[in-house]
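Shown next, in structure tokens, is the structure this report addresses.
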Amino acid sequence: MRSDRGQRAPLGLKIAAACGLLFLHLPILLIFVYAFTTEEKSFVWPPPGLTTQWFAVTWNRPDVWEALSLSVRVAAISTAIALVLGTLCAAAVSQTRFFGREAISLLVILPIALPGIITGIALRSAFSLADIPFSFWTIVLGHATFCVVVVYNNAVARFRRTSGSMIEASMDLGADGFQTFRHVVLPNIATALLAGGMLAFALSFDEVIVTTFTAGQQQTVPIWMLEELIRPRQRPVTNVVAMVVVLVTLLPILLAYYLTRDGDQIAGSGK
């Protein structure tokens with residue numbers, strides 16, 4: 001009997017898939033092209049010429065470095081907070097049974113399911129009521145609300161595929177809770193946490209809506225790009241920064257996919 005995996009896709013399906021990929025990625029490729037254009041004031045197709053001068057101009061722009069530094073610091077701290085809180089939530093939901101467990105799971109993922117503008121308005125209102133001035137830490141708290149969800153989703157899926165008998169065996173052999181987590185649980189969920197952390201970092205790095213409501217006068221890279229598009233000085237510089245953002249966010253996503261594609265092969269999962 002012929003296996004379905006050996007059948008080739010019809011030509012029409014291949015063409016449809018290629019058209020779908022072009023529709024998704026052609027605008028991104030245009031950003032890369034316009035990063036090399038010689039035209040400074042407007043977008044012209046085809047570009048009148050190509051140059052690499054805008055990379056040097058971007059490198060020497062202090063406002064670009066300030067925005068990039070802020071985005072990296074916010075993403076790093078938000079990811080660290082999300083790793084701790086997301087892992088603890090995932091462990092509680094997947095490893096224990098209590099009343100309202102599913103409701104708590106829903107509440108954890110709600111911030112990323114809601115429109116970003118709703119989350120942003122809610123956070124801005126909360127900070128205003130508490131008389132908390134907008135600063136670096138308000139951005140971090142805003143980003144942590146949805147970064148926790150990314151880590152939680154990865155961790156809870158891995159926890160549910162990890163055999164509970166391994167934890168019980170570790171405890172029976174005299175290990176305390178910390179030793180069991182370090183030597184049994186952590187090795188099984190490490191790749192899921194790493195993948196969730198990288199996805200959270202990428203999501204925080206290019207987030208714009210929640211940041212608009214929590215940043216005050218500060219500018220992360222996406223906010224800086226938005227301002228440059230509204231009041232452009234050098235359009236190709238914006239495209240150079242956009243290209244960097246694409247690369248910075250793409251690499252963690254690819255690595256996260258690589259780490260979790262064999263996530264079903266977990267020690268003890270077949271017992």
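Order determines the names: the first chain of the structure tokens is A, the second B, and so forth; residues in each chain are numbered 1 upward, and ligands are numbered 1 upward as they are shown.
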If we count only C-alpha atoms and set the cut-off at 10 Å, which residues sit around Thr79 in chain A, ignoring sequence neighbours fewer than 6 positions away in its own chain? Please answer as an mmCIF file with N, CA and C atoms, in the first residue's frame.
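Wrote around36.cif, looks like this:
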```cif
data_model
loop_
_atom_site.group_PDB
_atom_site.id
_atom_site.type_symbol
_atom_site.label_atom_id
_atom_site.label_comp_id
_atom_site.auth_asym_id
_atom_site.auth_seq_id
_atom_site.Cartn_x
_atom_site.Cartn_y
_atom_site.Cartn_z
ATOM 1 N N ARG A 73 17.171 46.159 27.161
ATOM 2 C CA ARG A 73 17.081 46.069 28.622
ATOM 3 C C ARG A 73 15.658 45.709 29.066
ATOM 4 N N LEU A 85 7.752 33.700 36.880
ATOM 5 C CA LEU A 85 6.315 33.625 37.129
ATOM 6 C C LEU A 85 5.638 32.593 36.230
ATOM 7 N N GLY A 86 6.036 32.538 34.967
ATOM 8 C CA GLY A 86 5.425 31.579 34.045
ATOM 9 C C GLY A 86 5.704 30.141 34.430
ATOM 10 N N VAL A 140 8.583 47.708 31.644
ATOM 11 C CA VAL A 140 8.898 46.320 31.989
ATOM 12 C C VAL A 140 7.657 45.593 32.500
ATOM 13 N N HIS A 143 5.261 44.859 29.633
ATOM 14 C CA HIS A 143 5.699 43.760 28.769
ATOM 15 C C HIS A 143 5.633 42.416 29.487
ATOM 16 N N ALA A 144 5.895 42.424 30.778
ATOM 17 C CA ALA A 144 5.878 41.160 31.526
ATOM 18 C C ALA A 144 4.494 40.526 31.527
ATOM 19 N N PHE A 146 2.377 40.062 29.124
ATOM 20 C CA PHE A 146 2.160 39.106 28.030
ATOM 21 C C PHE A 146 3.344 38.157 27.837
ATOM 22 N N CYS A 147 4.525 38.524 28.329
ATOM 23 C CA CYS A 147 5.655 37.598 28.248
ATOM 24 C C CYS A 147 5.434 36.382 29.141
ATOM 25 N N VAL A 148 4.768 36.587 30.283
ATOM 26 C CA VAL A 148 4.446 35.469 31.171
ATOM 27 C C VAL A 148 3.626 34.424 30.438
ATOM 28 N N VAL A 150 3.623 33.624 27.244
ATOM 29 C CA VAL A 150 4.439 32.854 26.299
ATOM 30 C C VAL A 150 5.217 31.775 27.031
ATOM 31 N N VAL A 151 5.855 32.139 28.146
ATOM 32 C CA VAL A 151 6.612 31.159 28.925
ATOM 33 C C VAL A 151 5.671 30.111 29.513
ATOM 34 N N GLY A 196 10.572 29.379 25.323
ATOM 35 C CA GLY A 196 9.611 30.373 25.786
ATOM 36 C C GLY A 196 10.274 31.702 26.102
ATOM 37 N N GLY A 197 11.465 31.648 26.698
ATOM 38 C CA GLY A 197 12.189 32.874 27.002
ATOM 39 C C GLY A 197 12.593 33.636 25.753
ATOM 40 N N MET A 198 13.040 32.921 24.735
ATOM 41 C CA MET A 198 13.441 33.589 23.497
ATOM 42 C C MET A 198 12.241 34.171 22.762
ATOM 43 N N LEU A 199 11.129 33.449 22.765
ATOM 44 C CA LEU A 199 9.915 33.988 22.159
ATOM 45 C C LEU A 199 9.428 35.220 22.916
ATOM 46 N N ALA A 200 9.500 35.171 24.244
ATOM 47 C CA ALA A 200 9.097 36.321 25.049
ATOM 48 C C ALA A 200 10.002 37.514 24.769
ATOM 49 N N PHE A 201 11.304 37.274 24.632
ATOM 50 C CA PHE A 201 12.242 38.351 24.328
ATOM 51 C C PHE A 201 11.909 38.984 22.980
ATOM 52 N N ALA A 202 11.658 38.151 21.974
ATOM 53 C CA ALA A 202 11.325 38.682 20.651
ATOM 54 C C ALA A 202 10.017 39.457 20.681
ATOM 55 N N LEU A 203 9.039 38.952 21.411
ATOM 56 C CA LEU A 203 7.742 39.621 21.498
ATOM 57 C C LEU A 203 7.877 40.961 22.206
ATOM 58 N N SER A 204 8.674 41.009 23.258
ATOM 59 C CA SER A 204 8.872 42.262 23.992
ATOM 60 C C SER A 204 9.669 43.261 23.169
#
```
statement: As a check of understanding: the span from CA of Val210 in chain A to CA of Val108 in chain A is 17.3 Å
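Distances here use only C-alpha atoms; by that measure, the residue among A:Leu251, A:Ala155, A:Ile139, A:Ala192 closest to Ile209 in chain A is A:Ile139.
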- prompt: Between A:Ala91, A:Ala17, A:Leu11, A:Leu68, which is the closest to Trp224 in chain A once you count only C-alpha atoms?
  reply: A:Leu68
Taking only residues of range 218-251 of chain A that have an atom at most 12 Å from an atom of range 113-136 of chain A, what is each one's shortest atom pair and its distance in Å to one decimal, using only C-alpha atoms, in chain and number order, as a tab-separated table?
```
residue	atom	partner	partner_atom	distance
A:Gln218	CA	A:Ser135	CA	7.5
A:Gln219	CA	A:Phe136	CA	10.0
A:Thr220	CA	A:Phe136	CA	10.0
```
Restricted to C-alpha atoms, what would the selected residues look like written as a short mmCIF file (atom, residue, chain, number, x, y, z; two decimals), in the first residue's frame?
```
data_model
loop_
_atom_site.label_atom_id
_atom_site.label_comp_id
_atom_site.auth_asym_id
_atom_site.auth_seq_id
_atom_site.Cartn_x
_atom_site.Cartn_y
_atom_site.Cartn_z
CA GLN A 218 10.90 57.16 26.52
CA GLN A 219 11.35 55.54 23.12
CA THR A 220 11.93 51.87 22.48
#
```
- request: Once DSSP has gone over the backbone, tell me which residues of range 3-209 of chain A are in alpha helix (DSSP H), as a ChimeraX atom specification.
  value: /A:11-34,53-59,62-95,101-113,116-129,136-160,164-172,177-180,186-205,209
- request: Return the single residue from A:Leu107, A:Val57, A:Leu141, A:Val93 that is closest to Ala215 in chain A, with distances computed using only C-alpha atoms.
  value: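 Nearest candidate to Ala215 in chain A out of A:Leu107, A:Val57, A:Leu141, A:Val93: A:Leu141.
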message: With only C-alpha atoms as the counted atoms, please give the residues lying no more than 7 Å from Val237 in chain A, apart from itself and same-chain residues fewer than 2 positions off, as a ChimeraX atom specification.
response: /A:35,54,58,234-235,239-241
Using only C-alpha atoms, please write the residues we just selected to a file, as a short mmCIF file (atom, residue, chain, number, x, y, z; two decimals), in the first residue's frame.
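What follows is the written file part-v2.cif:
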```
data_model
loop_
_atom_site.label_atom_id
_atom_site.label_comp_id
_atom_site.auth_asym_id
_atom_site.auth_seq_id
_atom_site.Cartn_x
_atom_site.Cartn_y
_atom_site.Cartn_z
CA ALA A 35 17.64 49.99 3.37
CA TRP A 54 22.86 54.40 5.45
CA THR A 58 22.55 54.62 11.37
CA GLN A 234 16.18 60.01 6.73
CA ARG A 235 13.80 57.27 5.57
CA ASN A 239 14.54 50.75 7.05
CA VAL A 240 18.01 49.84 8.28
CA VAL A 241 16.71 49.74 11.86
#
```
